[in-house]
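Enquirer: So that you have it, the file is model_16.csv, and it contains CSV, C-alpha atoms and all ligand atoms:
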chain,number,residue,atom,x,y,z
A,1,MET,CA,8.4,27.2,-11.6
A,2,ARG,CA,5.3,26.0,-9.8
A,3,LEU,CA,5.5,22.2,-9.3
A,4,GLY,CA,2.1,20.6,-8.6
A,5,ILE,CA,2.9,17.5,-6.6
A,6,ASP,CA,0.5,14.8,-5.7
A,7,LEU,CA,1.0,13.0,-2.4
A,8,ASP,CA,-0.3,9.4,-2.3
A,9,GLY,CA,1.5,7.1,-4.7
A,10,VAL,CA,4.0,9.8,-5.4
A,11,VAL,CA,5.5,11.2,-2.1
A,12,ALA,CA,3.6,9.0,0.4
A,13,ASP,CA,3.6,5.2,0.2
A,14,PHE,CA,-0.1,4.8,0.7
A,15,ASN,CA,-0.2,1.1,-0.2
A,16,SER,CA,2.6,0.1,2.2
A,17,GLY,CA,0.8,2.0,4.9
A,18,TRP,CA,-2.7,0.6,4.6
A,19,THR,CA,-1.6,-3.0,4.0
A,20,ALA,CA,0.6,-2.8,7.1
A,21,ILE,CA,-2.4,-1.7,9.2
A,22,HIS,CA,-4.6,-4.3,7.5
A,23,ARG,CA,-2.1,-7.1,8.4
A,24,ALA,CA,-2.0,-5.8,12.0
A,25,GLU,CA,-5.7,-5.5,12.5
A,26,PHE,CA,-7.0,-8.5,10.5
A,27,GLY,CA,-4.0,-10.8,10.6
A,28,SER,CA,-4.0,-10.8,6.8
A,29,GLU,CA,-1.0,-11.4,4.6
A,30,ILE,CA,-1.7,-8.6,2.1
A,31,LEU,CA,1.4,-7.0,0.7
A,32,PRO,CA,1.7,-3.6,-1.2
A,33,GLU,CA,3.0,-5.4,-4.3
A,34,GLN,CA,-0.4,-7.0,-4.7
A,35,VAL,CA,-2.0,-3.6,-5.5
A,36,LEU,CA,-2.0,-3.6,-9.3
A,37,THR,CA,-5.1,-1.7,-10.2
A,38,TRP,CA,-6.6,1.7,-9.2
A,39,ASP,CA,-9.9,0.4,-8.0
A,40,GLY,CA,-8.8,-3.0,-6.7
A,41,LEU,CA,-8.2,-2.0,-3.1
A,42,ALA,CA,-11.6,-3.0,-1.8
A,43,GLU,CA,-11.6,-6.5,-3.2
A,44,LEU,CA,-7.9,-7.1,-2.2
A,45,ALA,CA,-8.8,-5.9,1.4
A,46,GLY,CA,-11.9,-8.1,1.5
A,47,PHE,CA,-14.5,-5.3,1.5
A,48,ASP,CA,-17.6,-5.2,-0.7
A,49,SER,CA,-17.0,-1.7,-1.9
A,50,MET,CA,-14.6,1.3,-1.9
A,51,ARG,CA,-17.0,3.0,0.5
A,52,GLU,CA,-16.4,0.2,3.0
A,53,PHE,CA,-12.7,0.4,2.4
A,54,TRP,CA,-12.7,4.2,3.2
A,55,ALA,CA,-14.9,3.6,6.3
A,56,TRP,CA,-12.3,1.2,7.6
A,57,ALA,CA,-9.5,3.6,6.7
A,58,SER,CA,-11.0,6.6,8.5
A,59,PRO,CA,-9.9,7.5,12.1
A,60,LYS,CA,-11.0,5.1,14.9
A,61,ASP,CA,-11.0,5.5,18.7
A,62,ASP,CA,-7.8,3.6,19.0
A,63,ARG,CA,-5.9,4.8,15.9
A,64,PRO,CA,-5.7,7.8,13.5
A,65,SER,CA,-6.7,7.5,9.8
A,66,ILE,CA,-4.4,5.4,7.6
A,67,PHE,CA,-3.1,8.6,6.1
A,68,ARG,CA,-1.4,9.6,9.4
A,69,HIS,CA,1.6,7.2,9.4
A,70,LEU,CA,2.6,6.6,5.8
A,71,ASP,CA,6.3,6.3,4.9
A,72,PRO,CA,7.6,8.6,2.2
A,73,TYR,CA,9.0,6.9,-0.9
A,74,PRO,CA,12.8,6.7,-1.1
A,75,GLY,CA,14.2,10.0,-2.2
A,76,ALA,CA,10.9,11.9,-2.3
A,77,ILE,CA,11.4,14.3,0.6
A,78,GLU,CA,15.1,14.9,-0.3
A,79,SER,CA,14.2,15.6,-3.9
A,80,LEU,CA,11.5,18.1,-2.9
A,81,HIS,CA,14.1,20.0,-0.8
A,82,ARG,CA,16.5,19.9,-3.8
A,83,LEU,CA,13.8,21.3,-6.1
A,84,ARG,CA,12.9,24.0,-3.6
A,85,ARG,CA,16.6,25.0,-3.2
A,86,THR,CA,16.8,25.3,-7.0
A,87,GLY,CA,14.1,28.0,-6.7
A,88,HIS,CA,10.9,26.1,-7.5
A,89,ASP,CA,7.7,26.3,-5.6
A,90,ILE,CA,6.4,23.0,-4.2
A,91,VAL,CA,2.6,23.1,-4.5
A,92,ILE,CA,0.9,20.1,-2.9
A,93,VAL,CA,-2.1,19.0,-4.9
A,94,THR,CA,-3.9,16.1,-3.3
A,95,THR,CA,-7.3,14.5,-3.1
A,96,LYS,CA,-8.4,13.3,0.3
A,97,PRO,CA,-11.5,12.4,2.2
A,98,ARG,CA,-12.6,15.2,4.6
A,99,TRP,CA,-11.7,13.1,7.6
A,100,ALA,CA,-8.1,12.9,6.4
A,101,VAL,CA,-7.4,16.6,6.0
A,102,ALA,CA,-6.0,17.1,9.5
A,103,ASP,CA,-3.8,14.0,9.2
A,104,THR,CA,-2.5,15.2,5.9
A,105,PHE,CA,-1.3,18.5,7.4
A,106,ARG,CA,0.2,16.6,10.3
A,107,TRP,CA,2.0,14.3,7.8
A,108,LEU,CA,3.4,17.2,5.8
A,109,ALA,CA,4.7,18.8,9.0
A,110,ASP,CA,6.1,15.5,10.3
A,111,HIS,CA,8.2,15.0,7.2
A,112,GLY,CA,9.2,18.6,6.7
A,113,VAL,CA,7.7,18.9,3.2
A,114,PRO,CA,9.0,22.2,1.9
A,115,THR,CA,5.8,23.7,0.8
A,116,THR,CA,3.8,26.9,1.7
A,117,GLU,CA,0.9,26.0,-0.5
A,118,VAL,CA,-1.4,22.9,-0.1
A,119,HIS,CA,-4.5,22.2,-2.1
A,120,ILE,CA,-6.8,19.4,-0.9
A,121,THR,CA,-9.2,19.1,-3.8
A,122,ASP,CA,-10.8,16.7,-6.2
A,123,ASP,CA,-10.5,19.4,-9.0
A,124,LYS,CA,-6.7,19.3,-9.2
A,125,HIS,CA,-6.6,20.8,-12.7
A,126,LEU,CA,-7.9,24.1,-11.2
A,127,VAL,CA,-4.6,24.6,-9.4
A,128,ASP,CA,-2.4,26.6,-11.8
A,129,CYS,CA,1.1,25.0,-12.0
A,130,ASP,CA,3.9,24.7,-14.7
A,131,VAL,CA,4.6,21.0,-14.0
A,132,TYR,CA,2.3,18.4,-12.6
A,133,LEU,CA,3.3,15.1,-11.1
A,134,ASP,CA,0.6,12.5,-10.3
A,135,ASP,CA,-0.1,8.7,-10.4
A,136,SER,CA,-3.8,8.7,-10.8
A,137,PRO,CA,-4.9,7.7,-14.3
A,138,PHE,CA,-8.0,9.9,-13.9
A,139,LYS,CA,-6.2,13.0,-12.7
A,140,LEU,CA,-3.6,12.6,-15.5
A,141,GLU,CA,-6.4,12.6,-18.0
A,142,ASP,CA,-7.9,15.7,-16.3
A,143,TYR,CA,-4.6,17.5,-16.5
A,144,LEU,CA,-4.3,16.6,-20.2
A,145,ARG,CA,-7.8,17.9,-20.9
A,146,HIS,CA,-7.5,21.2,-19.0
A,147,ARG,CA,-3.7,21.9,-18.8
A,148,ALA,CA,-2.3,20.4,-22.0
A,149,ASP,CA,0.2,23.3,-22.4
A,150,ARG,CA,1.9,22.4,-19.1
A,151,ALA,CA,4.4,19.6,-18.4
A,152,ILE,CA,2.3,16.6,-17.1
A,153,CYS,CA,4.3,13.8,-15.5
A,154,ARG,CA,3.0,10.3,-14.8
A,155,PHE,CA,4.7,8.7,-11.8
A,156,VAL,CA,4.9,5.2,-13.3
A,157,ARG,CA,3.0,2.7,-11.1
A,158,PRO,CA,1.3,-0.6,-11.9
A,159,TRP,CA,-2.1,1.1,-11.7
A,160,ASN,CA,-1.5,3.7,-14.5
A,161,ASP,CA,-0.6,3.5,-18.2
A,162,PRO,CA,1.3,5.7,-20.7
A,163,LEU,CA,-0.7,8.6,-22.2
A,164,ASP,CA,0.2,10.7,-25.2
A,165,GLY,CA,1.4,14.1,-24.1
A,166,VAL,CA,2.4,12.8,-20.6
A,167,VAL,CA,6.0,12.4,-19.5
A,168,ASP,CA,6.8,9.2,-17.8
A,169,VAL,CA,8.8,9.5,-14.5
A,170,HIS,CA,10.1,6.3,-12.9
A,171,ASP,CA,11.7,7.7,-9.7
A,172,TRP,CA,12.5,11.0,-8.0
A,173,ASP,CA,15.9,11.4,-9.7
A,174,ASP,CA,14.0,11.1,-12.9
A,175,PHE,CA,11.5,13.8,-11.9
A,176,VAL,CA,14.3,16.2,-10.9
A,177,GLU,CA,15.8,15.7,-14.4
A,178,VAL,CA,12.5,16.4,-16.0
A,179,VAL,CA,12.1,19.6,-14.1
A,180,ALA,CA,15.6,20.7,-15.1
A,181,THR,CA,14.7,19.9,-18.8
A,182,VAL,CA,11.5,22.0,-18.6
A,183,THR,CA,13.4,24.8,-16.9
A,184,SER,CA,16.1,24.9,-19.6
A,185,ALA,CA,13.3,24.8,-22.3
A,186,THR,CA,12.0,28.2,-21.1
A,187,PRO,CA,11.0,30.6,-22.6
A,188,SER,CA,9.4,28.2,-25.0
A,189,GLY,CA,7.9,26.6,-22.0
A,190,PRO,CA,6.9,23.1,-20.8
A,191,GLU,CA,5.5,22.2,-24.2
A,192,ALA,CA,9.0,22.0,-25.5
A,193,LEU,CA,9.5,18.8,-23.6
A,194,ALA,CA,9.1,15.6,-25.6
A,195,PRO,CA,6.3,13.6,-24.0
A,196,SER,CA,6.5,10.0,-23.0
A,197,THR,CA,10.3,10.0,-23.1
A,198,PRO,CA,11.4,6.3,-23.1
A,199,ARG,CA,13.8,5.3,-20.4
A,200,GLN,CA,15.5,2.1,-19.5
B,1,MG,MG,-1.9,9.8,-6.0
With the file now loaded, output its structure as structure tokens.
Expert:
Amino acid sequence: MRLGIDLDGVVADFNSGWTAIHRAEFGSEILPEQVLTWDGLAELAGFDSMREFWAWASPKDDRPSIFRHLDPYPGAIESLHRLRRTGHDIVIVTTKPRWAVADTFRWLADHGVPTTEVHITDDKHLVDCDVYLDDSPFKLEDYLRHRADRAICRFVRPWNDPLDGVVDVHDWDDFVEVVATVTSATPSGPEALAPSTPRQ
């Protein structure tokens, strides 16, 4: 199957990355655990707007963009390799500012992400996949609107909420299990998967 995988908040720990740079550059004490909302970054970081946040996050003379040196989440890269070995195609589907495109490709190469297909786009739903994994409340709604017949997975984070028709995924082992369930549901397809499966 084609697995449409988001990067930030799913594979790459964006919040740990930018807060570390923020602490180093401003002497702040912001921790990634303090990021609880999707649009709260600017206020938390002391900027007037997200535009200002992104201006700060972009490449500078003395450092690359904040997307360059993010750590992967535990188990993320290993799980992608596991899924690839099982025969699935890893399709990276990520939204990025233009200035972050080169750093995104460098990051994928640095971490040996097993993909041959990368889409850097705001219109993620146009990328045809069997399973989608994302943490953005807005992209999950887009997938539901345009790709309701596919398996749509929410990587559970403080900044997103459950949605009818979306499967909750709490960690990478969980996602590997969901993919196995969708695979075994074939030929009836991803829609055979019960959405919002509760899990302790
Ligand atoms: Mg994301």
Enquirer: Which residues of chain A come within 6 Å of ligand MG 1 (chain B), and for each one, what is the closest pair of atoms and their distance in Å to one decimal, counting only C-alpha atoms and all ligand atoms, sorted by chain and residue number, as a tab-separated table?
Expert:
residue	atom	partner	partner_atom	distance
A:Asp6	CA	B:MG1	MG	5.6
A:Leu7	CA	B:MG1	MG	5.6
A:Asp8	CA	B:MG1	MG	4.1
A:Gly9	CA	B:MG1	MG	4.5
A:Val10	CA	B:MG1	MG	5.9
A:Asp134	CA	B:MG1	MG	5.7
A:Asp135	CA	B:MG1	MG	4.9
A:Ser136	CA	B:MG1	MG	5.3
Enquirer: To one decimal place in Å, what is the distance between atom CA of Cys153 of chain A and atom CA of Leu140 of chain A?
Expert: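 Those two atoms sit 8.0 Å apart.
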Enquirer: Got a sec: who's within 7 Å of segment 94-109 of chain A, counting only C-alpha atoms, leaving out chain neighbours fewer than 3 positions off, as a list in words?
Expert: Asp6, Leu7, Ser58, Ser65, Phe67, Arg68, Gly112, Val113, His119, Ile120, Thr121 and Asp122 of chain A
Enquirer: Which residues are close to Trp159 of chain A, i.e. within 6 Å by all atoms listed in the file, leaving aside same-chain residues fewer than 6 positions away? Reply as a ChimeraX atom specification.
Expert: /A:36-38
Enquirer: Near His88 of chain A, counting all atoms listed in the file, which residues have an atom at most 9 Å away, once you skip same-chain residues fewer than 5 positions from it, shown as an mmCIF file with C-alpha atoms, keeping the file's coordinate frame?
Expert:
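Listing of selection32.cif after writing:
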data_model
loop_
_atom_site.group_PDB
_atom_site.id
_atom_site.type_symbol
_atom_site.label_atom_id
_atom_site.label_comp_id
_atom_site.auth_asym_id
_atom_site.auth_seq_id
_atom_site.Cartn_x
_atom_site.Cartn_y
_atom_site.Cartn_z
ATOM 1 C CA MET A 1 8.400 27.200 -11.600
ATOM 2 C CA ARG A 2 5.300 26.000 -9.800
ATOM 3 C CA LEU A 3 5.500 22.200 -9.300
ATOM 4 C CA LEU A 83 13.800 21.300 -6.100
#
Enquirer: So which one's closest to Ser16 of chain A, A:Phe155, A:Phe175, A:Tyr143, A:Tyr73? Using all atoms listed in the file, please.
Expert: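 Under the stated criterion, the closest residue is A:Tyr73.
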Enquirer: Considering all atoms listed in the file, state which residue in the set A:Asp13, A:Phe53, A:Asp164, A:Asp130 is at the smallest distance from Asp39 of chain A.
Expert: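 Closest candidate: A:Phe53.
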Enquirer: Around the point (-0.6, 19.7, 0.8), in the coordinates given by the file, pick out the residues reaching within 6 Å, counting only C-alpha atoms, and return them as a list in words.
Expert: Ile92, Val93, Val118 and His119 of chain A
Enquirer: Report as number ranges by chain all protein, DNA and RNA residues lying within 12 Å of Leu41 of chain A, evaluated on only C-alpha atoms, omitting residues in the same chain fewer than 4 positions from it.
Expert: A: 14-15, 18-19, 22, 30-37, 45-54, 56-57, 159
Enquirer: Kindly save the residues from that selection, with C-alpha atoms included, as a PDB file, in the coordinates of the input.
Expert:
ATOM      1  CA  PHE A  14      -0.100   4.800   0.700  1.00  0.00           C
ATOM      2  CA  ASN A  15      -0.200   1.100  -0.200  1.00  0.00           C
ATOM      3  CA  TRP A  18      -2.700   0.600   4.600  1.00  0.00           C
ATOM      4  CA  THR A  19      -1.600  -3.000   4.000  1.00  0.00           C
ATOM      5  CA  HIS A  22      -4.600  -4.300   7.500  1.00  0.00           C
ATOM      6  CA  ILE A  30      -1.700  -8.600   2.100  1.00  0.00           C
ATOM      7  CA  LEU A  31       1.400  -7.000   0.700  1.00  0.00           C
ATOM      8  CA  PRO A  32       1.700  -3.600  -1.200  1.00  0.00           C
ATOM      9  CA  GLU A  33       3.000  -5.400  -4.300  1.00  0.00           C
ATOM     10  CA  GLN A  34      -0.400  -7.000  -4.700  1.00  0.00           C
ATOM     11  CA  VAL A  35      -2.000  -3.600  -5.500  1.00  0.00           C
ATOM     12  CA  LEU A  36      -2.000  -3.600  -9.300  1.00  0.00           C
ATOM     13  CA  THR A  37      -5.100  -1.700 -10.200  1.00  0.00           C
ATOM     14  CA  ALA A  45      -8.800  -5.900   1.400  1.00  0.00           C
ATOM     15  CA  GLY A  46     -11.900  -8.100   1.500  1.00  0.00           C
ATOM     16  CA  PHE A  47     -14.500  -5.300   1.500  1.00  0.00           C
ATOM     17  CA  ASP A  48     -17.600  -5.200  -0.700  1.00  0.00           C
ATOM     18  CA  SER A  49     -17.000  -1.700  -1.900  1.00  0.00           C
ATOM     19  CA  MET A  50     -14.600   1.300  -1.900  1.00  0.00           C
ATOM     20  CA  ARG A  51     -17.000   3.000   0.500  1.00  0.00           C
ATOM     21  CA  GLU A  52     -16.400   0.200   3.000  1.00  0.00           C
ATOM     22  CA  PHE A  53     -12.700   0.400   2.400  1.00  0.00           C
ATOM     23  CA  TRP A  54     -12.700   4.200   3.200  1.00  0.00           C
ATOM     24  CA  TRP A  56     -12.300   1.200   7.600  1.00  0.00           C
ATOM     25  CA  ALA A  57      -9.500   3.600   6.700  1.00  0.00           C
ATOM     26  CA  TRP A 159      -2.100   1.100 -11.700  1.00  0.00           C
TER      27      TRP A 159
END
Enquirer: Kindly extract all protein, DNA and RNA residues lying within 12 Å of the coordinates (18.0, 2.8, -3.0) given in the file, considering all atoms listed in the file, and supply them as a short mmCIF file (atom, residue, chain, number, x, y, z; two decimals) with C-alpha atoms, keeping the file's coordinate frame.
Expert:
data_model
loop_
_atom_site.label_atom_id
_atom_site.label_comp_id
_atom_site.auth_asym_id
_atom_site.auth_seq_id
_atom_site.Cartn_x
_atom_site.Cartn_y
_atom_site.Cartn_z
CA TYR A 73 9.00 6.90 -0.90
CA PRO A 74 12.80 6.70 -1.10
CA GLY A 75 14.20 10.00 -2.20
CA ALA A 76 10.90 11.90 -2.30
CA ASP A 171 11.70 7.70 -9.70
CA TRP A 172 12.50 11.00 -8.00
CA ASP A 173 15.90 11.40 -9.70
#
